[in-house]
file protein09.txt (compact mmCIF, C-alpha atoms)
# COMPACT_ATOMS: atom_id res chain seq x y z
CA ILE A 1 26.00 3.31 1.61
CA PRO A 2 28.47 1.25 3.68
CA GLU A 3 29.92 -1.67 1.72
CA ILE A 4 28.23 -4.16 4.06
CA GLY A 5 24.84 -3.11 2.66
CA ALA A 6 25.68 -3.27 -1.03
CA ALA A 7 24.50 -6.84 -1.68
CA GLY A 8 21.12 -6.18 -0.11
CA MET A 9 20.65 -2.88 -1.93
CA GLN A 10 21.45 -4.53 -5.28
CA THR A 11 18.30 -6.66 -4.95
CA ALA A 12 16.19 -3.49 -5.06
CA TRP A 13 15.43 -1.21 -8.01
CA ILE A 14 18.29 1.23 -7.40
CA GLU A 15 21.06 0.86 -9.98
CA ALA A 16 23.67 3.47 -8.99
CA ILE A 17 25.14 2.33 -5.68
CA HIS A 18 28.23 3.98 -4.18
CA THR A 19 29.94 2.43 -1.15
CA TRP A 20 32.72 3.09 1.34
CA PRO A 21 34.36 0.85 3.99
CA SER A 22 32.48 1.99 7.08
CA PRO A 23 33.27 2.72 9.86
CA ARG A 24 35.90 5.25 8.89
CA PRO A 25 35.59 8.01 11.51
CA GLN A 26 38.01 10.36 9.79
CA ASP A 27 35.81 10.39 6.67
CA ASP A 28 32.77 8.15 7.05
CA GLY A 29 31.47 8.44 3.50
CA LEU A 30 31.43 12.24 3.49
CA SER A 31 33.91 12.73 0.62
CA LEU A 32 32.12 10.07 -1.42
CA LEU A 33 28.74 11.75 -0.88
CA THR A 34 30.20 15.15 -1.76
CA ASP A 35 31.66 13.81 -5.03
CA VAL A 36 28.40 12.09 -6.03
CA LEU A 37 26.31 15.20 -5.41
CA THR A 38 28.66 17.65 -7.10
CA ASN A 39 28.78 15.47 -10.23
CA LEU A 40 25.01 15.32 -10.64
CA PRO A 41 23.34 17.58 -13.22
CA ALA A 42 22.21 20.73 -11.40
CA ARG A 43 19.73 22.90 -13.24
CA PHE A 44 18.73 25.12 -10.32
CA GLY A 45 21.59 24.58 -7.88
CA ARG A 46 19.31 23.45 -5.05
CA LEU A 47 19.69 20.34 -2.90
CA GLY A 48 16.51 19.15 -1.16
CA VAL A 49 16.99 17.74 2.34
CA PRO A 50 14.08 16.90 4.68
CA LEU A 51 14.69 19.28 7.58
CA GLY A 52 11.21 20.19 8.81
CA PRO A 53 8.64 18.46 11.05
CA GLU A 54 8.53 14.63 11.10
CA SER A 55 11.96 14.39 9.43
CA VAL A 56 15.36 13.10 10.52
CA VAL A 57 18.76 13.70 8.92
CA ARG A 58 20.43 10.30 9.01
CA MET A 59 23.96 11.56 9.61
CA PRO A 60 25.87 13.29 12.41
CA MET A 61 25.14 17.01 12.59
CA TYR A 62 28.83 17.86 12.26
CA ASP A 63 29.01 15.84 9.02
CA PHE A 64 25.91 17.59 7.68
CA GLN A 65 27.40 21.02 8.44
CA THR A 66 30.64 19.99 6.74
CA LEU A 67 28.73 18.71 3.72
CA ALA A 68 26.84 22.01 3.41
CA THR A 69 30.15 23.89 3.42
CA ARG A 70 31.71 21.61 0.79
CA LEU A 71 28.67 21.87 -1.49
CA HIS A 72 28.74 25.68 -1.64
CA PRO A 73 27.29 27.35 -3.72
CA PHE A 74 24.52 24.71 -3.66
CA ASP A 75 21.43 26.07 -1.90
CA ILE A 76 20.31 23.45 0.64
CA THR A 77 16.51 23.66 0.81
CA ASP A 78 14.01 22.04 3.18
CA ALA A 79 12.24 19.23 1.31
CA ALA A 80 10.13 17.99 4.23
CA GLU A 81 6.87 19.35 2.82
CA LEU A 82 7.58 17.76 -0.56
CA MET A 83 8.25 14.38 1.10
CA HIS A 84 5.06 14.73 3.17
CA GLN A 85 3.04 15.28 0.00
CA LEU A 86 4.69 12.38 -1.83
CA ARG A 87 3.90 10.01 1.05
CA TYR A 88 0.43 11.40 1.72
CA VAL A 89 -1.57 9.22 -0.70
CA LYS A 90 -0.77 5.52 -0.41
CA SER A 91 -0.78 2.96 -3.19
CA GLU A 92 -2.94 -0.15 -2.97
CA ALA A 93 0.17 -2.18 -2.11
CA GLU A 94 1.01 0.18 0.76
CA ILE A 95 -2.55 0.10 2.08
CA GLU A 96 -2.55 -3.70 2.07
CA LYS A 97 0.65 -3.81 4.14
CA ILE A 98 -0.90 -1.44 6.70
CA ARG A 99 -4.15 -3.41 6.66
CA TYR A 100 -2.23 -6.64 7.31
CA VAL A 101 -0.37 -5.31 10.33
CA CYS A 102 -3.59 -3.73 11.65
CA GLU A 103 -5.38 -7.08 11.42
CA LEU A 104 -2.72 -9.07 13.24
CA THR A 105 -2.46 -6.38 15.92
CA SER A 106 -6.25 -6.41 16.30
CA ASP A 107 -6.07 -10.17 16.81
CA ALA A 108 -3.43 -9.74 19.52
CA PHE A 109 -5.42 -7.02 21.29
CA GLU A 110 -8.55 -9.17 21.29
CA ALA A 111 -6.61 -12.08 22.82
CA LEU A 112 -4.90 -9.96 25.45
CA PRO A 113 -7.67 -9.95 28.12
CA GLN A 114 -7.27 -13.72 28.48
CA THR A 115 -3.78 -13.16 29.91
CA LEU A 116 -4.39 -10.03 31.99
CA THR A 117 -4.32 -10.55 35.76
CA ILE A 118 -4.11 -8.37 38.81
CA GLY A 119 -0.58 -8.51 40.19
CA GLN A 120 1.17 -8.27 36.82
CA SER A 121 3.25 -5.21 36.08
CA GLU A 122 2.80 -2.98 33.05
CA ARG A 123 6.18 -4.19 31.82
CA GLU A 124 5.25 -7.88 32.12
CA THR A 125 1.97 -7.27 30.31
CA CYS A 126 3.68 -5.48 27.42
CA GLN A 127 6.37 -8.14 27.15
CA ARG A 128 3.71 -10.83 26.68
CA PHE A 129 1.85 -8.66 24.21
CA ARG A 130 5.02 -8.02 22.15
CA ILE A 131 5.80 -11.74 22.04
CA ASP A 132 2.27 -12.45 20.83
CA LEU A 133 2.60 -9.82 18.09
CA LEU A 134 5.83 -11.39 16.86
CA ASN A 135 4.28 -14.85 16.94
CA ARG A 136 1.49 -13.51 14.72
CA ALA A 137 4.10 -12.49 12.08
CA ALA A 138 4.71 -8.86 12.96
CA ASP A 139 8.24 -7.74 12.11
CA ASN A 140 8.72 -5.49 15.14
CA SER A 141 6.98 -3.32 17.73
CA PRO A 142 9.31 -0.32 18.00
CA TYR A 143 6.60 1.69 19.77
CA LEU A 144 4.74 -0.04 22.59
CA ILE A 145 3.70 2.02 25.61
CA ALA A 146 1.45 1.49 28.59
CA GLY A 147 -0.05 3.64 31.31
CA SER A 148 -2.29 2.75 34.20
CA GLY A 149 -3.85 4.10 37.36
CA PRO A 150 -6.87 3.82 39.63
CA GLY A 151 -9.91 4.82 37.60
CA GLY A 152 -7.77 6.19 34.76
CA TYR A 153 -4.25 7.15 33.74
CA ASP A 154 -2.38 10.43 33.56
CA THR A 155 0.05 9.69 30.70
CA MET A 156 -0.31 8.27 27.20
CA ILE A 157 3.27 8.28 25.86
CA MET A 158 5.38 6.87 28.72
CA GLY A 159 6.05 3.42 30.11
CA PRO A 160 5.63 0.60 30.46
CA THR A 161 6.87 0.75 34.05
CA ASP A 162 7.11 -1.76 36.88
CA ARG A 163 3.83 -0.47 38.31
CA VAL A 164 1.73 -3.45 39.44
CA LEU A 165 -1.85 -3.58 38.18
CA SER A 166 -4.46 -3.55 40.95
CA ASP A 167 -8.21 -3.79 41.44
CA GLY A 168 -9.89 -0.66 40.08
CA ASP A 169 -7.10 0.19 37.61
CA VAL A 170 -7.54 1.22 34.01
CA LEU A 171 -4.74 0.25 31.62
CA ILE A 172 -3.99 1.65 28.18
CA ILE A 173 -1.64 -0.04 25.71
CA ASP A 174 -0.72 1.75 22.51
CA THR A 175 1.44 0.17 19.82
CA GLY A 176 3.14 1.10 16.60
CA THR A 177 3.83 -2.37 15.21
CA THR A 178 5.41 -2.89 11.79
CA PHE A 179 5.24 -5.23 8.81
CA ASP A 180 7.51 -4.86 5.78
CA GLY A 181 8.35 -1.26 6.63
CA TYR A 182 4.80 -0.02 7.39
CA PHE A 183 3.22 0.88 10.72
CA CYS A 184 -0.08 0.44 12.44
CA ASP A 185 -0.81 2.76 15.36
CA PHE A 186 -3.74 2.21 17.70
CA ASP A 187 -4.52 1.54 21.33
CA ARG A 188 -6.88 -0.35 23.61
CA ASN A 189 -8.12 0.24 27.16
CA PHE A 190 -8.66 -2.45 29.80
CA ALA A 191 -10.11 -2.37 33.33
CA PHE A 192 -9.39 -4.54 36.34
CA GLY A 193 -12.09 -5.56 38.82
CA ARG A 194 -14.26 -2.65 39.79
CA VAL A 195 -14.68 0.09 37.19
CA THR A 196 -15.78 3.56 38.23
CA ASP A 197 -18.83 5.11 36.59
CA ALA A 198 -16.63 8.02 35.49
CA ALA A 199 -14.22 5.71 33.67
CA ARG A 200 -17.06 3.82 31.96
CA SER A 201 -18.64 7.08 30.86
CA ALA A 202 -15.32 8.46 29.56
CA TYR A 203 -14.74 5.30 27.54
CA GLU A 204 -18.19 5.65 25.99
CA VAL A 205 -17.50 9.30 25.11
CA VAL A 206 -14.18 8.67 23.35
CA TYR A 207 -15.74 5.70 21.55
CA ARG A 208 -18.57 7.89 20.22
CA ALA A 209 -16.05 10.62 19.34
CA THR A 210 -14.16 8.09 17.22
CA ASP A 211 -17.40 7.27 15.39
CA ALA A 212 -17.98 10.98 14.79
CA GLY A 213 -14.50 11.37 13.34
CA PHE A 214 -15.06 8.35 11.11
CA ALA A 215 -18.34 9.78 9.81
CA ALA A 216 -16.66 13.14 9.06
CA THR A 217 -13.81 11.54 7.09
CA HIS A 218 -14.36 11.51 3.34
CA PRO A 219 -12.68 12.90 0.20
CA GLY A 220 -12.86 16.69 0.24
CA ALA A 221 -13.19 17.03 4.01
CA THR A 222 -10.26 18.50 5.94
CA THR A 223 -8.33 17.28 8.95
CA ALA A 224 -9.77 20.29 10.80
CA ASP A 225 -13.27 18.97 10.02
CA VAL A 226 -12.34 15.59 11.47
CA TRP A 227 -10.94 17.22 14.62
CA ALA A 228 -14.06 19.38 15.06
CA ALA A 229 -16.39 16.38 14.77
CA MET A 230 -14.50 14.50 17.49
CA TRP A 231 -14.06 17.49 19.77
CA ALA A 232 -17.79 18.31 19.67
CA VAL A 233 -18.55 14.88 21.17
CA LEU A 234 -15.77 15.16 23.75
CA GLU A 235 -16.84 18.62 24.83
CA GLN A 236 -20.47 17.55 25.14
CA GLY A 237 -19.28 14.53 27.12
CA GLY A 238 -17.64 16.69 29.77
CA ALA A 239 -14.03 16.81 28.60
CA LEU A 240 -11.90 19.07 30.79
CA GLY A 241 -9.37 19.36 27.98
CA ASN A 242 -7.11 17.56 25.55
CA SER A 243 -3.41 17.93 26.31
CA VAL A 244 -2.26 16.05 23.20
CA GLY A 245 -2.88 18.97 20.82
CA ARG A 246 -4.10 16.79 17.97
CA MET A 247 -6.49 13.88 17.62
CA GLY A 248 -4.82 11.68 15.05
CA HIS A 249 -2.34 11.93 12.21
CA GLY A 250 -1.07 10.38 9.00
CA LEU A 251 0.37 6.88 9.08
CA GLY A 252 2.62 4.82 6.83
CA MET A 253 6.37 4.26 6.69
CA GLN A 254 6.56 6.44 9.80
CA LEU A 255 4.57 6.02 12.98
CA THR A 256 3.41 9.61 12.76
CA GLU A 257 3.22 11.27 9.38
CA TRP A 258 1.79 14.55 8.10
CA PRO A 259 -0.94 15.77 8.44
CA SER A 260 -2.43 16.18 11.93
CA ASN A 261 -6.09 16.22 12.92
CA LYS A 262 -6.18 19.58 14.67
CA PRO A 263 -8.22 22.78 14.40
CA ASP A 264 -5.66 24.78 12.41
CA ASP A 265 -4.67 22.03 9.95
CA HIS A 266 -6.87 22.32 6.86
CA THR A 267 -5.29 19.57 4.77
CA ARG A 268 -7.84 18.24 2.30
CA LEU A 269 -8.42 14.48 2.45
CA GLU A 270 -7.98 12.35 -0.68
CA VAL A 271 -8.67 8.75 -1.70
CA GLY A 272 -5.80 6.57 -0.48
CA VAL A 273 -4.91 8.61 2.59
CA VAL A 274 -4.32 6.60 5.77
CA LEU A 275 -5.09 8.32 9.09
CA THR A 276 -5.40 7.57 12.75
CA LEU A 277 -8.42 8.80 14.71
CA GLU A 278 -7.29 9.52 18.26
CA PRO A 279 -9.80 11.36 20.45
CA GLY A 280 -8.65 11.80 24.01
CA MET A 281 -9.82 13.75 27.00
CA GLU A 282 -9.13 14.50 30.61
CA PHE A 283 -12.40 13.48 32.24
CA SER A 284 -11.40 14.36 35.80
CA PRO A 285 -8.25 15.98 37.22
CA GLY A 286 -5.31 13.71 36.47
CA LYS A 287 -7.49 11.07 34.76
CA CYS A 288 -7.45 10.58 30.98
CA MET A 289 -9.11 8.34 28.45
CA VAL A 290 -7.78 7.99 24.89
CA HIS A 291 -8.99 5.87 22.00
CA GLU A 292 -7.30 5.32 18.64
CA GLU A 293 -8.16 3.51 15.42
CA ASP A 294 -6.62 3.39 11.93
CA ILE A 295 -8.61 4.18 8.78
CA VAL A 296 -8.15 4.65 5.03
CA ILE A 297 -10.05 7.11 2.81
CA THR A 298 -11.97 5.56 -0.08
CA GLU A 299 -14.21 7.10 -2.76
CA SER A 300 -17.27 6.36 -0.62
CA GLY A 301 -15.79 7.54 2.69
CA ALA A 302 -13.66 6.07 5.45
CA GLN A 303 -12.90 2.38 5.95
CA TRP A 304 -11.59 0.76 9.11
CA LEU A 305 -8.12 -0.77 8.96
CA SER A 306 -7.89 -1.67 12.63
CA ARG A 307 -10.73 -3.84 13.87
CA ARG A 308 -13.08 -1.72 15.97
CA ALA A 309 -12.60 -1.84 19.75
CA PRO A 310 -15.39 -3.22 21.96
CA GLU A 311 -18.21 -0.75 22.66
CA GLU A 312 -17.69 -1.32 26.37
CA MET A 313 -14.29 -1.35 28.05
CA PRO A 314 -13.09 -4.93 28.59
CA VAL A 315 -12.96 -5.82 32.29
CA THR A 316 -10.92 -8.64 33.82
CA ASP A 317 -11.77 -9.97 37.26
CA GLY A 318 -8.06 -10.37 37.88
CA SER A 319 -8.06 -14.10 38.46

call {"tool": "encode", "arguments": {"input": "protein09.txt", "output": "structure tokens"}}
result
Amino acid sequence: IPEIGAAGMQTAWIEAIHTWPSPRPQDDGLSLLTDVLTNLPARFGRLGVPLGPESVVRMPMYDFQTLATRLHPFDITDAAELMHQLRYVKSEAEIEKIRYVCELTSDAFEALPQTLTIGQSERETCQRFRIDLLNRAADNSPYLIAGSGPGGYDTMIMGPTDRVLSDGDVLIIDTGTTFDGYFCDFDRNFAFGRVTDAARSAYEVVYRATDAGFAATHPGATTADVWAAMWAVLEQGGALGNSVGRMGHGLGMQLTEWPSNKPDDHTRLEVGVVLTLEPGMEFSPGKCMVHEEDIVITESGAQWLSRRAPEEMPVTDGS
């Protein structure tokens, strides 16, 4: 690691720390890394690097290609699946960190309607929400999005924008807020003034779909089972489709971890697994409703980590 990080790393459990004076563009730690790796015992001649889904190589691509050339005849192998499996089941300490950030985020969501007014922009609303999260002892909110529109919204992963909230709008805010390196990930929906019957009905459907997913989540069930339970409720409730492709995922040190709740993912659930339940549907052309909660698998079934959303969509009169 760069020399500037050595003192901090020495407080952790790692004993062998190698440093270089970064930045050094002509050789930014690459020779050092090559020497360390080539001097390690190598029984099989394979170097595991997370290269697959949900993984990031924390170095410039050119440096990685150069490293692979210098390490020949090492066989560089994708270790993403191995890392997914190692992170899949959380320890009690990890679960408590996620529970803590879920609780403080739930508190902030429950307080938010008191500050919502017609005439605010999505951006202003999210700025106030982020400040409240930090005041409640969150470390950061690296993921905080918003979408809104009359009677519903058409996007769940963009924004916030400068769009001004008006009478009849529905607003979604979704956040991945962190504490001590661990994420929560859930959303809430809010209405302004008049709420259409279609929007109220869609909210009820995704709420019941979340309950169905919760009931289907227990040790031995699969993520495909959880998806099927939620989709059955959405389909019966008139869903035109689900453009997301999955309805929840693993959660922990990353905002989205393996596995995914989708029909072709048959990962078996175990005690200690943390998941999000995220049923969403298009309930009329260009109008969506999405709901998300965080849960942990216990021996007796699922347990809520986020505090359950209201059964009816919160409505502000805009004053």

call {"tool": "closest_residue", "arguments": {"input": "protein09.txt", "among": "A:Arg70, A:Arg307, A:Arg87, A:Lys97", "to": "Asp180 (chain A)", "atoms": "all atoms listed in the file"}}
result
A:Lys97

call {"tool": "closest_residue", "arguments": {"input": "protein09.txt", "among": "A:Thr177, A:Ile14, A:Leu165, A:Thr155", "to": "Leu133 (chain A)", "atoms": "only C-alpha atoms"}}
result
A:Thr177

call {"tool": "closest_atom_pairs", "arguments": {"input": "protein09.txt", "of": "region 220-276 of chain A", "to": "region 187-201 of chain A", "cutoff": "12 Å", "atoms": "all atoms listed in the file", "output": "JSON lines"}}
result
{"residue": "A:Leu234", "atom": "CA", "partner": "A:Ser201", "partner_atom": "CA", "distance": 11.1}
{"residue": "A:Gly237", "atom": "CA", "partner": "A:Ser201", "partner_atom": "CA", "distance": 8.4}
{"residue": "A:Gly238", "atom": "CA", "partner": "A:Ser201", "partner_atom": "CA", "distance": 9.7}
{"residue": "A:Ala239", "atom": "CA", "partner": "A:Ser201", "partner_atom": "CA", "distance": 11.0}
{"residue": "A:Gly248", "atom": "CA", "partner": "A:Asp187", "partner_atom": "CA", "distance": 11.9}
{"residue": "A:Thr276", "atom": "CA", "partner": "A:Asp187", "partner_atom": "CA", "distance": 10.5}

call {"tool": "residues_around", "arguments": {"input": "protein09.txt", "residues": "region 211-214 of chain A", "least_positions_apart": "4", "cutoff": "12 Å", "atoms": "all atoms listed in the file", "output": "ChimeraX atom specification"}}
result
/A:204-207,218,221-234,247-248,261-262,275-279,291-298,301-305,308-309,311

call {"tool": "atom_distance", "arguments": {"input": "protein09.txt", "atom1": "CA of Asn140 (chain A)", "atom2": "CA of Gly176 (chain A)"}}
result
8.8 Å

call {"tool": "residues_near_point", "arguments": {"input": "protein09.txt", "point": "(4.9, -1.9, 18.0)", "cutoff": "10 Å", "atoms": "only C-alpha atoms", "output": "PyMOL selection string"}}
result
chain A and resi 101+105+129-130+133-134+138-145+174-179+183-186+255

call {"tool": "write_last_selection", "arguments": {"input": "protein09.txt", "atoms": "C-alpha atoms", "output": "CSV table (one decimal), in the coordinates of the input"}}
result
chain,number,residue,atom,x,y,z
A,101,VAL,CA,-0.4,-5.3,10.3
A,105,THR,CA,-2.5,-6.4,15.9
A,129,PHE,CA,1.8,-8.7,24.2
A,130,ARG,CA,5.0,-8.0,22.2
A,133,LEU,CA,2.6,-9.8,18.1
A,134,LEU,CA,5.8,-11.4,16.9
A,138,ALA,CA,4.7,-8.9,13.0
A,139,ASP,CA,8.2,-7.7,12.1
A,140,ASN,CA,8.7,-5.5,15.1
A,141,SER,CA,7.0,-3.3,17.7
A,142,PRO,CA,9.3,-0.3,18.0
A,143,TYR,CA,6.6,1.7,19.8
A,144,LEU,CA,4.7,0.0,22.6
A,145,ILE,CA,3.7,2.0,25.6
A,174,ASP,CA,-0.7,1.8,22.5
A,175,THR,CA,1.4,0.2,19.8
A,176,GLY,CA,3.1,1.1,16.6
A,177,THR,CA,3.8,-2.4,15.2
A,178,THR,CA,5.4,-2.9,11.8
A,179,PHE,CA,5.2,-5.2,8.8
A,183,PHE,CA,3.2,0.9,10.7
A,184,CYS,CA,-0.1,0.4,12.4
A,185,ASP,CA,-0.8,2.8,15.4
A,186,PHE,CA,-3.7,2.2,17.7
A,255,LEU,CA,4.6,6.0,13.0

call {"tool": "atom_distance", "arguments": {"input": "protein09.txt", "atom1": "CA of Gly119 (chain A)", "atom2": "CA of Ser166 (chain A)"}}
result
6.3 Å

call {"tool": "residues_near_point", "arguments": {"input": "protein09.txt", "point": "(-12.9, 17.6, 31.3)", "cutoff": "7 Å", "atoms": "only C-alpha atoms", "output": "list in words"}}
result
Gly238, Ala239, Leu240, Gly241, Met281, Glu282, Phe283 and Ser284 of chain A

call {"tool": "write_last_selection", "arguments": {"input": "protein09.txt", "atoms": "C-alpha atoms", "output": "PDB file, keeping the file's coordinate frame"}}
result
ATOM      1  CA  GLY A 238     -17.640  16.690  29.770  1.00  0.00           C
ATOM      2  CA  ALA A 239     -14.030  16.810  28.600  1.00  0.00           C
ATOM      3  CA  LEU A 240     -11.900  19.070  30.790  1.00  0.00           C
ATOM      4  CA  GLY A 241      -9.370  19.360  27.980  1.00  0.00           C
ATOM      5  CA  MET A 281      -9.820  13.750  27.000  1.00  0.00           C
ATOM      6  CA  GLU A 282      -9.130  14.500  30.610  1.00  0.00           C
ATOM      7  CA  PHE A 283     -12.400  13.480  32.240  1.00  0.00           C
ATOM      8  CA  SER A 284     -11.400  14.360  35.800  1.00  0.00           C
TER       9      SER A 284
END

call {"tool": "closest_residue", "arguments": {"input": "protein09.txt", "among": "A:Thr69, A:Asp75, A:Ala202, A:Cys126", "to": "Phe109 (chain A)", "atoms": "only C-alpha atoms"}}
result
A:Cys126

call {"tool": "atom_distance", "arguments": {"input": "protein09.txt", "atom1": "CA of Arg58 (chain A)", "atom2": "CA of Ile1 (chain A)"}}
result
11.6 Å

call {"tool": "residues_around", "arguments": {"input": "protein09.txt", "residues": "Arg123 (chain A)", "least_positions_apart": "2", "cutoff": "6 Å", "atoms": "all atoms listed in the file", "output": "ChimeraX atom specification"}}
result
/A:121,125-126,160-162

call {"tool": "write_last_selection", "arguments": {"input": "protein09.txt", "atoms": "C-alpha atoms", "output": "mmCIF file, keeping the file's coordinate frame"}}
result
data_model
loop_
_atom_site.group_PDB
_atom_site.id
_atom_site.type_symbol
_atom_site.label_atom_id
_atom_site.label_comp_id
_atom_site.auth_asym_id
_atom_site.auth_seq_id
_atom_site.Cartn_x
_atom_site.Cartn_y
_atom_site.Cartn_z
ATOM 1 C CA SER A 121 3.250 -5.210 36.080
ATOM 2 C CA THR A 125 1.970 -7.270 30.310
ATOM 3 C CA CYS A 126 3.680 -5.480 27.420
ATOM 4 C CA PRO A 160 5.630 0.600 30.460
ATOM 5 C CA THR A 161 6.870 0.750 34.050
ATOM 6 C CA ASP A 162 7.110 -1.760 36.880
#

call {"tool": "closest_residue", "arguments": {"input": "protein09.txt", "among": "A:Gly149, A:His84, A:Val271, A:Gln127", "to": "Thr115 (chain A)", "atoms": "only C-alpha atoms"}}
result
A:Gln127

call {"tool": "closest_residue", "arguments": {"input": "protein09.txt", "among": "A:Ile118, A:Val36, A:Ala42, A:Leu30", "to": "Val164 (chain A)", "atoms": "only C-alpha atoms"}}
result
A:Ile118

call {"tool": "closest_residue", "arguments": {"input": "protein09.txt", "among": "A:Pro73, A:Gly168, A:Pro2, A:Gly272", "to": "Leu251 (chain A)", "atoms": "only C-alpha atoms"}}
result
A:Gly272

call {"tool": "axis_aligned_box", "arguments": {"input": "protein09.txt", "around": "region 298-306 of chain A", "padding_each_side": "3 Å", "output": "AutoDock Vina command-line options"}}
result
--center_x -12.6 --center_y 2.9 --center_z 4.9 --size_x 15.4 --size_y 15.2 --size_z 21.4
